[in-house]
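Novice: Quick one, structure16.txt (compact mmCIF, C-alpha atoms):
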```txt
# COMPACT_ATOMS: atom_id res chain seq x y z
CA MET I 258 -7.69 21.16 65.03
CA LEU I 259 -7.07 20.04 61.46
CA ILE I 260 -4.91 23.09 60.78
CA TYR I 261 -2.96 22.37 63.94
CA LEU I 262 -2.34 18.77 62.84
CA ILE I 263 -1.15 19.87 59.40
CA ARG I 264 1.15 22.49 60.91
CA ARG I 265 2.67 19.99 63.32
CA LEU I 266 3.22 17.44 60.54
CA ILE I 267 4.92 20.07 58.37
CA ILE I 268 7.21 21.07 61.25
CA MET I 269 8.32 17.46 61.62
CA ILE I 270 9.94 17.49 58.15
CA PRO I 271 12.60 20.20 58.74
CA THR I 272 13.09 18.83 62.25
CA LEU I 273 14.04 15.39 60.92
CA ILE I 274 16.27 16.97 58.26
CA ALA I 275 18.13 18.97 60.91
CA ILE I 276 18.47 15.87 63.08
CA SER I 277 19.86 13.86 60.17
CA VAL I 278 22.51 16.54 59.53
CA ILE I 279 23.48 16.63 63.23
CA THR I 280 23.53 12.84 63.42
CA PHE I 281 25.77 12.48 60.38
CA THR I 282 28.07 15.23 61.65
CA ILE I 283 28.44 13.63 65.08
CA ILE I 284 29.24 10.24 63.55
CA GLN I 285 31.93 11.87 61.41
CA LEU I 286 33.50 13.82 64.29
CA PRO I 287 35.98 11.10 65.44
CA PRO I 288 39.16 11.12 63.32
CA GLY I 289 39.24 8.59 60.52
CA ASP I 290 36.50 6.17 59.55
CA TYR I 291 35.69 2.47 59.79
CA LEU I 292 38.54 1.46 57.48
CA THR I 293 40.98 3.47 59.60
CA THR I 294 39.81 1.60 62.69
CA TYR I 295 39.98 -1.69 60.78
CA VAL I 296 43.56 -1.05 59.64
CA ALA I 297 44.63 -0.11 63.19
CA GLU I 298 43.08 -3.31 64.51
CA LEU I 299 44.89 -5.45 61.94
CA GLN I 300 48.20 -3.74 62.65
CA SER I 301 47.76 -4.25 66.41
CA GLN I 302 47.39 -7.98 65.69
CA GLY I 303 50.59 -7.99 63.64
CA GLU I 304 48.86 -8.62 60.29
CA ALA I 305 49.97 -7.01 57.05
CA VAL I 306 47.76 -4.41 55.43
CA ASP I 307 47.62 -3.88 51.67
CA PRO I 308 47.25 -0.10 51.03
CA LYS I 309 45.82 -0.74 47.56
CA LYS I 310 43.06 -2.92 48.99
CA ILE I 311 42.18 -0.31 51.61
CA GLU I 312 42.06 2.39 48.95
CA PHE I 313 39.85 0.20 46.77
CA LEU I 314 37.46 -0.38 49.66
CA ARG I 315 37.45 3.35 50.44
CA GLN I 316 36.43 4.12 46.86
CA GLN I 317 33.90 1.27 46.75
CA TYR I 318 32.08 2.49 49.86
CA GLY I 319 32.34 6.15 48.89
CA LEU I 320 34.49 7.07 51.89
CA ASP I 321 36.84 9.05 49.63
CA ARG I 322 34.06 11.44 48.66
CA PRO I 323 33.39 14.79 50.35
CA LYS I 324 31.29 14.66 53.50
CA TYR I 325 28.31 16.39 51.94
CA GLU I 326 28.18 13.82 49.13
CA GLN I 327 28.28 10.99 51.67
CA TYR I 328 25.44 12.66 53.57
CA LEU I 329 23.31 13.11 50.45
CA LEU I 330 23.85 9.49 49.43
CA TRP I 331 22.90 8.32 52.92
CA VAL I 332 19.74 10.45 53.17
CA GLY I 333 18.72 9.61 49.62
CA GLY I 334 19.03 5.94 50.40
CA ILE I 335 16.95 6.27 53.58
CA LEU I 336 14.14 7.95 51.62
CA GLN I 337 14.16 4.94 49.28
CA GLY I 338 14.26 2.42 52.11
CA ASP I 339 17.99 1.72 51.72
CA PHE I 340 19.77 2.45 55.00
CA GLY I 341 23.22 1.78 53.63
CA TYR I 342 25.81 -0.95 54.06
CA SER I 343 27.33 -2.13 57.32
CA PHE I 344 31.10 -2.36 56.98
CA GLU I 345 31.58 -4.42 60.12
CA HIS I 346 28.94 -7.06 59.31
CA SER I 347 29.40 -6.93 55.50
CA LEU I 348 25.63 -6.85 55.07
CA PRO I 349 23.01 -4.23 54.23
CA VAL I 350 21.75 -2.43 57.32
CA THR I 351 18.18 -3.56 56.69
CA GLU I 352 19.27 -7.21 56.90
CA ILE I 353 21.12 -6.64 60.15
CA ILE I 354 18.24 -4.84 61.78
CA GLY I 355 15.71 -7.43 60.71
CA ASP I 356 13.87 -8.92 63.65
CA ARG I 357 15.93 -6.88 66.12
CA LEU I 358 13.97 -3.73 65.35
CA TRP I 359 10.61 -5.45 65.79
CA LEU I 360 11.75 -7.17 68.97
CA THR I 361 12.92 -3.80 70.29
CA VAL I 362 9.55 -2.25 69.51
CA LEU I 363 7.83 -5.20 71.20
CA VAL I 364 9.92 -4.88 74.36
CA THR I 365 9.44 -1.10 74.40
CA PHE I 366 5.67 -1.29 73.95
CA CYS I 367 5.24 -3.95 76.62
CA THR I 368 7.45 -1.98 79.01
CA ILE I 369 5.33 1.15 78.55
CA VAL I 370 2.13 -0.82 79.16
CA PHE I 371 3.66 -2.47 82.24
CA THR I 372 4.84 0.86 83.62
CA TRP I 373 1.50 2.60 83.24
CA ILE I 374 -0.60 -0.33 84.48
CA VAL I 375 1.48 -0.70 87.64
CA ALA I 376 2.26 2.96 88.35
CA PHE I 377 -1.17 4.54 88.04
CA PRO I 378 -3.12 2.47 90.60
CA ILE I 379 -0.29 2.63 93.11
CA GLY I 380 0.30 6.36 92.60
CA ILE I 381 -3.40 7.16 92.95
CA TYR I 382 -3.77 5.00 96.05
CA SER I 383 -0.69 6.55 97.69
CA ALA I 384 -1.96 10.07 97.04
CA THR I 385 -5.48 9.39 98.29
CA HIS I 386 -4.20 7.55 101.39
CA GLN I 387 -1.38 9.89 102.32
CA TYR I 388 0.76 8.92 105.35
CA SER I 389 -0.99 5.57 105.76
CA TRP I 390 0.95 2.35 106.28
CA ALA I 391 0.20 1.38 102.69
CA ASP I 392 1.56 4.72 101.49
CA TYR I 393 4.78 4.25 103.46
CA SER I 394 5.16 0.67 102.20
CA LEU I 395 4.61 1.62 98.56
CA THR I 396 6.99 4.56 98.95
CA LEU I 397 9.66 2.19 100.26
CA VAL I 398 9.11 -0.14 97.31
CA GLY I 399 9.36 2.83 94.95
CA PHE I 400 12.67 3.96 96.44
CA LEU I 401 14.03 0.41 96.19
CA GLY I 402 13.03 0.32 92.53
CA LEU I 403 14.82 3.60 91.86
CA ALA I 404 17.95 2.53 93.76
CA THR I 405 18.35 -0.95 92.24
CA PRO I 406 20.74 -0.99 89.22
CA HIS I 407 19.32 -2.47 86.05
CA PHE I 408 22.14 -4.97 85.59
CA LEU I 409 21.80 -6.28 89.15
CA LEU I 410 18.04 -6.73 88.83
CA ALA I 411 18.60 -8.43 85.46
CA LEU I 412 20.92 -11.01 87.02
CA VAL I 413 18.46 -11.66 89.85
CA MET I 414 15.51 -12.06 87.49
CA LEU I 415 17.45 -14.38 85.19
CA TYR I 416 18.30 -16.65 88.13
CA PHE I 417 14.73 -16.50 89.47
CA ALA I 418 13.16 -17.32 86.10
CA ASN I 419 15.56 -20.20 85.49
CA VAL I 420 15.14 -21.78 88.92
CA THR I 421 11.39 -21.20 89.28
CA PHE I 422 10.06 -21.60 85.74
CA GLY I 423 12.93 -23.32 83.96
CA THR I 424 13.30 -20.45 81.49
CA SER I 425 16.57 -20.51 79.58
CA ILE I 426 18.96 -17.79 80.68
CA GLY I 427 19.41 -14.87 78.28
CA GLY I 428 17.80 -13.93 75.00
CA LEU I 429 14.20 -13.42 74.02
CA MET I 430 13.64 -16.96 72.79
CA ASP I 431 15.05 -20.46 73.03
CA GLU I 432 18.20 -21.13 71.01
CA GLN I 433 16.49 -23.44 68.50
CA PHE I 434 14.29 -20.57 67.29
CA ILE I 435 17.12 -18.11 66.61
CA GLY I 436 17.28 -17.37 62.90
CA GLN I 437 14.14 -19.42 62.20
CA SER I 438 10.96 -18.13 60.57
CA TRP I 439 8.12 -17.04 62.81
CA SER I 440 5.79 -19.76 64.06
CA TRP I 441 3.43 -20.25 66.98
CA ALA I 442 6.15 -22.12 68.88
CA LYS I 443 8.57 -19.23 68.36
CA ILE I 444 5.96 -16.66 69.46
CA LYS I 445 5.25 -18.72 72.56
CA SER I 446 8.96 -18.86 73.35
CA VAL I 447 9.24 -15.07 72.98
CA LEU I 448 6.30 -14.55 75.34
CA GLU I 449 7.88 -16.88 77.90
CA HIS I 450 11.07 -14.79 77.90
CA LEU I 451 9.53 -11.33 77.36
CA TRP I 452 8.28 -10.68 80.89
CA ILE I 453 11.80 -10.75 82.36
CA PRO I 454 13.29 -7.76 80.44
CA VAL I 455 9.97 -5.90 80.69
CA ILE I 456 10.10 -6.05 84.49
CA VAL I 457 13.81 -5.21 84.60
CA ILE I 458 13.63 -2.25 82.21
CA GLY I 459 10.31 -0.96 83.52
CA THR I 460 11.09 -1.11 87.25
CA SER I 461 12.90 2.21 87.60
CA GLY I 462 10.47 3.97 85.28
CA THR I 463 7.54 2.58 87.23
CA ALA I 464 9.01 3.66 90.55
CA GLY I 465 9.72 7.16 89.25
CA MET I 466 6.25 7.51 87.76
CA ILE I 467 4.63 6.46 91.05
CA ARG I 468 6.48 9.20 92.92
CA ARG I 469 5.66 11.87 90.35
CA LEU I 470 1.99 10.92 90.07
CA ARG I 471 1.65 10.93 93.85
CA ALA I 472 3.27 14.36 94.14
CA ASN I 473 1.23 15.89 91.30
CA LEU I 474 -2.04 14.44 92.55
CA LEU I 475 -1.41 15.60 96.12
CA ASP I 476 -0.79 19.10 94.78
CA GLU I 477 -4.06 19.08 92.82
CA LEU I 478 -6.06 17.68 95.76
CA GLN I 479 -5.10 20.73 97.83
CA LYS I 480 -6.52 23.23 95.33
CA GLN I 481 -9.70 25.20 95.77
CA TYR I 482 -11.69 23.60 92.97
CA VAL I 483 -11.47 20.23 94.74
CA THR I 484 -12.84 21.77 97.94
CA THR I 485 -15.64 23.37 95.91
CA GLY I 486 -16.47 20.06 94.25
CA ARG I 487 -16.69 18.33 97.61
CA ALA I 488 -18.90 21.09 98.96
CA LYS I 489 -21.27 20.61 96.03
CA GLY I 490 -21.61 16.94 96.90
CA LEU I 491 -19.69 15.34 94.03
CA PRO I 492 -18.91 11.67 94.72
CA PRO I 493 -15.23 11.28 95.73
CA PHE I 494 -14.33 8.89 92.92
CA ARG I 495 -16.00 11.01 90.24
CA LEU I 496 -14.36 14.16 91.60
CA LEU I 497 -10.96 12.45 91.60
CA ILE I 498 -11.20 11.14 88.04
CA LYS I 499 -12.80 14.17 86.44
CA TYR I 500 -10.57 16.93 87.77
CA PRO I 501 -7.40 16.38 89.86
CA LEU I 502 -6.29 13.14 88.19
CA ARG I 503 -6.84 14.62 84.76
CA MET I 504 -4.70 17.65 85.63
CA SER I 505 -2.00 15.41 87.13
CA LEU I 506 -1.47 13.57 83.84
CA ASN I 507 0.08 16.54 82.02
CA PRO I 508 3.71 15.75 82.95
CA PHE I 509 3.32 12.13 81.86
CA ILE I 510 1.72 13.02 78.57
CA SER I 511 4.39 15.63 77.82
CA ASP I 512 7.13 13.07 78.57
CA ILE I 513 6.00 10.66 75.84
CA GLY I 514 8.45 12.28 73.44
CA ASP I 515 11.35 11.45 75.75
CA TYR I 516 10.00 8.17 77.05
CA LEU I 517 9.92 6.24 73.78
CA PRO I 518 13.56 6.72 72.69
CA ASP I 519 14.77 6.56 76.30
CA LEU I 520 13.40 3.04 76.66
CA VAL I 521 15.28 1.92 73.55
CA SER I 522 18.59 3.61 74.38
CA SER I 523 18.61 3.10 78.16
CA ALA I 524 18.01 -0.66 77.78
CA THR I 525 21.45 -1.17 76.21
CA ILE I 526 23.08 -2.36 79.44
CA VAL I 527 20.18 -4.69 80.17
CA SER I 528 20.34 -6.04 76.61
CA VAL I 529 24.07 -6.78 76.98
CA VAL I 530 23.63 -8.47 80.37
CA MET I 531 20.63 -10.53 79.24
CA SER I 532 21.89 -11.16 75.66
CA LEU I 533 18.73 -9.61 74.20
CA PRO I 534 18.59 -9.44 70.38
CA THR I 535 17.58 -5.77 70.42
CA THR I 536 19.06 -2.66 68.83
CA GLY I 537 21.04 -1.49 71.87
CA PRO I 538 24.11 -3.77 71.63
CA ILE I 539 24.36 -3.31 67.85
CA LEU I 540 24.24 0.48 68.24
CA LEU I 541 26.98 0.33 70.86
CA ASP I 542 29.23 -1.81 68.64
CA ALA I 543 28.53 0.38 65.60
CA LEU I 544 29.55 3.53 67.47
CA ARG I 545 32.73 1.87 68.71
CA SER I 546 33.79 0.70 65.25
CA GLN I 547 32.60 3.87 63.46
CA ASP I 548 30.23 1.84 61.29
CA MET I 549 28.63 5.07 60.10
CA TYR I 550 25.62 3.80 58.18
CA LEU I 551 24.58 1.28 60.83
CA ALA I 552 25.02 3.76 63.70
CA GLY I 553 23.33 6.53 61.75
CA SER I 554 20.30 4.38 60.99
CA PHE I 555 19.79 3.56 64.67
CA LEU I 556 20.23 7.17 65.72
CA MET I 557 17.71 8.27 63.12
CA PHE I 558 15.33 5.61 64.44
CA LEU I 559 15.63 7.15 67.91
CA ALA I 560 15.10 10.61 66.42
CA VAL I 561 11.95 9.50 64.61
CA LEU I 562 10.65 8.01 67.86
CA THR I 563 11.31 11.30 69.63
CA VAL I 564 9.57 13.41 66.99
CA ILE I 565 6.57 11.07 66.85
CA GLY I 566 6.41 10.96 70.65
CA VAL I 567 6.41 14.76 70.92
CA PHE I 568 3.72 14.96 68.24
CA LEU I 569 1.51 12.46 70.07
CA SER I 570 2.09 14.18 73.42
CA ASP I 571 1.08 17.55 71.95
CA LEU I 572 -2.14 16.08 70.58
CA ALA I 573 -2.92 14.33 73.85
CA LEU I 574 -2.26 17.48 75.89
CA ALA I 575 -4.56 19.50 73.67
CA ALA I 576 -7.28 16.85 74.06
CA PHE I 577 -6.98 16.21 77.81
CA ASP I 578 -6.31 19.69 79.18
CA PRO I 579 -8.75 22.46 78.15
CA ARG I 580 -6.35 25.07 79.54
CA ILE I 581 -3.91 24.40 76.72
CA ARG I 582 -4.66 26.37 73.56
CA LEU I 583 -3.79 25.24 70.07
CA HIS I 584 -2.99 28.83 69.06
CA GLY I 585 -1.07 31.53 70.87
CA GLY I 586 -2.73 34.37 72.69
CA LEU I 587 -5.55 34.57 75.19
CA SER I 588 -8.92 33.01 74.49
CA ARG I 589 -11.73 35.47 73.87
```
Could you express the structure from this file as structure tokens?

Specialist:
Amino acid sequence: MLIYLIRRLIIMIPTLIAISVITFTIIQLPPGDYLTTYVAELQSQGEAVDPKKIEFLRQQYGLDRPKYEQYLLWVGGILQGDFGYSFEHSLPVTEIIGDRLWLTVLVTFCTIVFTWIVAFPIGIYSATHQYSWADYSLTLVGFLGLATPHFLLALVMLYFANVTFGTSIGGLMDEQFIGQSWSWAKIKSVLEHLWIPVIVIGTSGTAGMIRRLRANLLDELQKQYVTTGRAKGLPPFRLLIKYPLRMSLNPFISDIGDYLPDLVSSATIVSVVMSLPTTGPILLDALRSQDMYLAGSFLMFLAVLTVIGVFLSDLALAAFDPRIRLHGGLSR
């Protein structure tokens, strides 16, 4: 197991290097750069543009250098904790990210916990009570969750929270705490607002997970080993937990690598609608304006989440499913 862990950690290094090259290349694919976009915006507004100033800024930010030099400077800075300079915000990327990154991680973590806590009991109950009225009702709720657009549910939840609980509309905290240092009052305000985006973002994922868990568990319950276990007199709950449920978790464990970055990237629309101070809206604006260092830092953050998620899912699969081997070939 130790050798397997070391091998997987070593593989992560060239993977992240390759992703950084692809990320930088994709960001550079559109013609021009941020200054080109900036000049076009000024000209569209009828303002004069000083070519000497633009050339000075291009040299100052290193945009006149070859692409490979820009890439090496960017990667070298990331390794030292310097993610570059945001042209649009005129601030270092680390200062712009600030609390947004931690708030994004908080929303993502709470959404994952919400999804698993809600989906697993419902999925198990639906599978073990197939074609009952409860199964039909939960299936209907699941389909409604899949069919409801995020932005529509966000608007409904904002109105409901404001009318019922008096929660301010939009954001993850009250306005007086924005830009302030962390305190108990600020934490309390975040917790009061947090449950709304968690429900909105996690609804479709919860509904999808319920359907998949139900289908996987129904498939396992029809297999011969379950019939054998019942014939040997195993208690129903113990039989369910020890064998079929354990085998049904493989798709969920293997999806951890996709689930983590998907929660961050797919919540962009919800973040815009609800004015959430997360990474999604900043990433969208950075891609539009070709703010290469800011966009590249966010994309690398998503890549790191993916690589870590795949690593954790591989370890969990090896631990939960004895049929999966850490090495190739047949077991002796």

Novice: Neighbours of stretch 273-277 of chain I within 9 Å (only C-alpha atoms; same-chain residues fewer than 6 positions away dropped), as number ranges by chain?

Specialist: I: 328, 332, 553, 556-557, 560-561, 564

Novice: Within 12 Å of I:Gly436, counting all atoms listed in the file, which residues show up once you throw out same-chain ones fewer than 2 positions away? Write them as a list in words, please.

Specialist: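 With the cut-off at 12 Å, the set is Glu352, Ile353, Gly355, Asp356, Arg357, Met430, Asp431, Glu432, Gln433, Phe434, Ser438, Trp439, Ser440, Lys443 and Pro534 of chain I.
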
Novice: Keeping only C-alpha atoms, write the selected residues to a file as a CSV table (one decimal), keeping the file's coordinate frame.

Specialist:
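Just written: again-v1.csv:
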```csv
chain,number,residue,atom,x,y,z
I,352,GLU,CA,19.3,-7.2,56.9
I,353,ILE,CA,21.1,-6.6,60.2
I,355,GLY,CA,15.7,-7.4,60.7
I,356,ASP,CA,13.9,-8.9,63.6
I,357,ARG,CA,15.9,-6.9,66.1
I,430,MET,CA,13.6,-17.0,72.8
I,431,ASP,CA,15.0,-20.5,73.0
I,432,GLU,CA,18.2,-21.1,71.0
I,433,GLN,CA,16.5,-23.4,68.5
I,434,PHE,CA,14.3,-20.6,67.3
I,438,SER,CA,11.0,-18.1,60.6
I,439,TRP,CA,8.1,-17.0,62.8
I,440,SER,CA,5.8,-19.8,64.1
I,443,LYS,CA,8.6,-19.2,68.4
I,534,PRO,CA,18.6,-9.4,70.4
```

Novice: So what do you get for atom CA of I:Leu266 versus atom CA of I:Leu562, distance-wise?

Specialist: 14.1 Å

Novice: Which residue is closest to I:Leu262? Choose from I:Ala575, I:Ile311, I:Leu533, I:Leu299 and count all atoms listed in the file.

Specialist: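 Going through I:Ala575, I:Ile311, I:Leu533, I:Leu299 one by one, the smallest distance to I:Leu262 is for I:Ala575.
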
Novice: Which residues come within 12 Å of I:His386, counting all atoms listed in the file, excluding same-chain residues fewer than 6 positions away, as a list in words?

Specialist: Pro378, Ile379, Gly380, Asp392, Tyr393, Ser394, Leu395, Thr396, Arg471, Leu474, Leu475 and Leu478 of chain I

Novice: Using only C-alpha atoms, collect all residues at a distance of at most 8 Å from (24.7, 3.4, 57.9) as written in the file, then present them as a PyMOL selection string.

Specialist: chain I and resi 331+340-343+350+548-554

Novice: How many Å separate atom CA of I:Tyr318 from atom CA of I:Val296?

Specialist: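 Atom CA of I:Val296 lies 15.5 Å from atom CA of I:Tyr318.
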
Novice: Please tell me which residues are no farther than 12 Å from (34.2, 12.3, 64.4) in the file, counting all atoms listed in the file, and write them as a list in words.

Specialist: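 Here is the list of nearby residues: Ile279, Thr280, Phe281, Thr282, Ile283, Ile284, Gln285, Leu286, Pro287, Pro288, Gly289, Asp290, Tyr291, Lys324, Leu544, Arg545, Ser546, Gln547, Asp548 and Met549 of chain I.
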
Novice: Which residues, written as a PyMOL selection string, have at least one atom at most 12 Å from I:Trp452, with all atoms listed in the file counted and residues fewer than 2 positions away on the same chain left out?

Specialist: chain I and resi 363-368+370-371+411+414-415+418+424+428-430+445-450+454-460

Novice: Do you know which residues are at most 7 Å from stretch 523-528 of chain I counting all atoms listed in the file, after dropping those on the same chain fewer than 3 positions away, and could you put them as a PDB file with C-alpha atoms, in the frame of the given file?

Specialist:
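Final output, part_4.pdb:
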```
ATOM      1  CA  HIS I 407      19.320  -2.470  86.050  1.00  0.00           C
ATOM      2  CA  PHE I 408      22.140  -4.970  85.590  1.00  0.00           C
ATOM      3  CA  ALA I 411      18.600  -8.430  85.460  1.00  0.00           C
ATOM      4  CA  ILE I 458      13.630  -2.250  82.210  1.00  0.00           C
ATOM      5  CA  ASP I 519      14.770   6.560  76.300  1.00  0.00           C
ATOM      6  CA  LEU I 520      13.400   3.040  76.660  1.00  0.00           C
ATOM      7  CA  MET I 531      20.630 -10.530  79.240  1.00  0.00           C
ATOM      8  CA  SER I 532      21.890 -11.160  75.660  1.00  0.00           C
ATOM      9  CA  LEU I 533      18.730  -9.610  74.200  1.00  0.00           C
ATOM     10  CA  THR I 535      17.580  -5.770  70.420  1.00  0.00           C
ATOM     11  CA  GLY I 537      21.040  -1.490  71.870  1.00  0.00           C
ATOM     12  CA  PRO I 538      24.110  -3.770  71.630  1.00  0.00           C
TER      13      PRO I 538
END
```

Novice: Using Å and a single decimal, report how far atom CA of I:Ser511 sits from atom CA of I:Val567.

Specialist: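 Computing the Euclidean distance for atom CA of I:Val567 and atom CA of I:Ser511 yields 7.2 Å.
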
Novice: Pick from I:Ser461, I:Ser425, I:Gln300, I:Ser347: nearest to I:Leu403, with all atoms listed in the file counted?

Specialist: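 Checking each of I:Ser461, I:Ser425, I:Gln300, I:Ser347 against I:Leu403, counting all atoms listed in the file, the winner is I:Ser461.
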
Novice: In terms of the shortest atom-to-atom distance over only C-alpha atoms, which of I:Ala404, I:Ile267, I:Ile335, I:Leu397 is closest to I:Gly462?

Specialist: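 The closest residue to I:Gly462 is I:Ala404.
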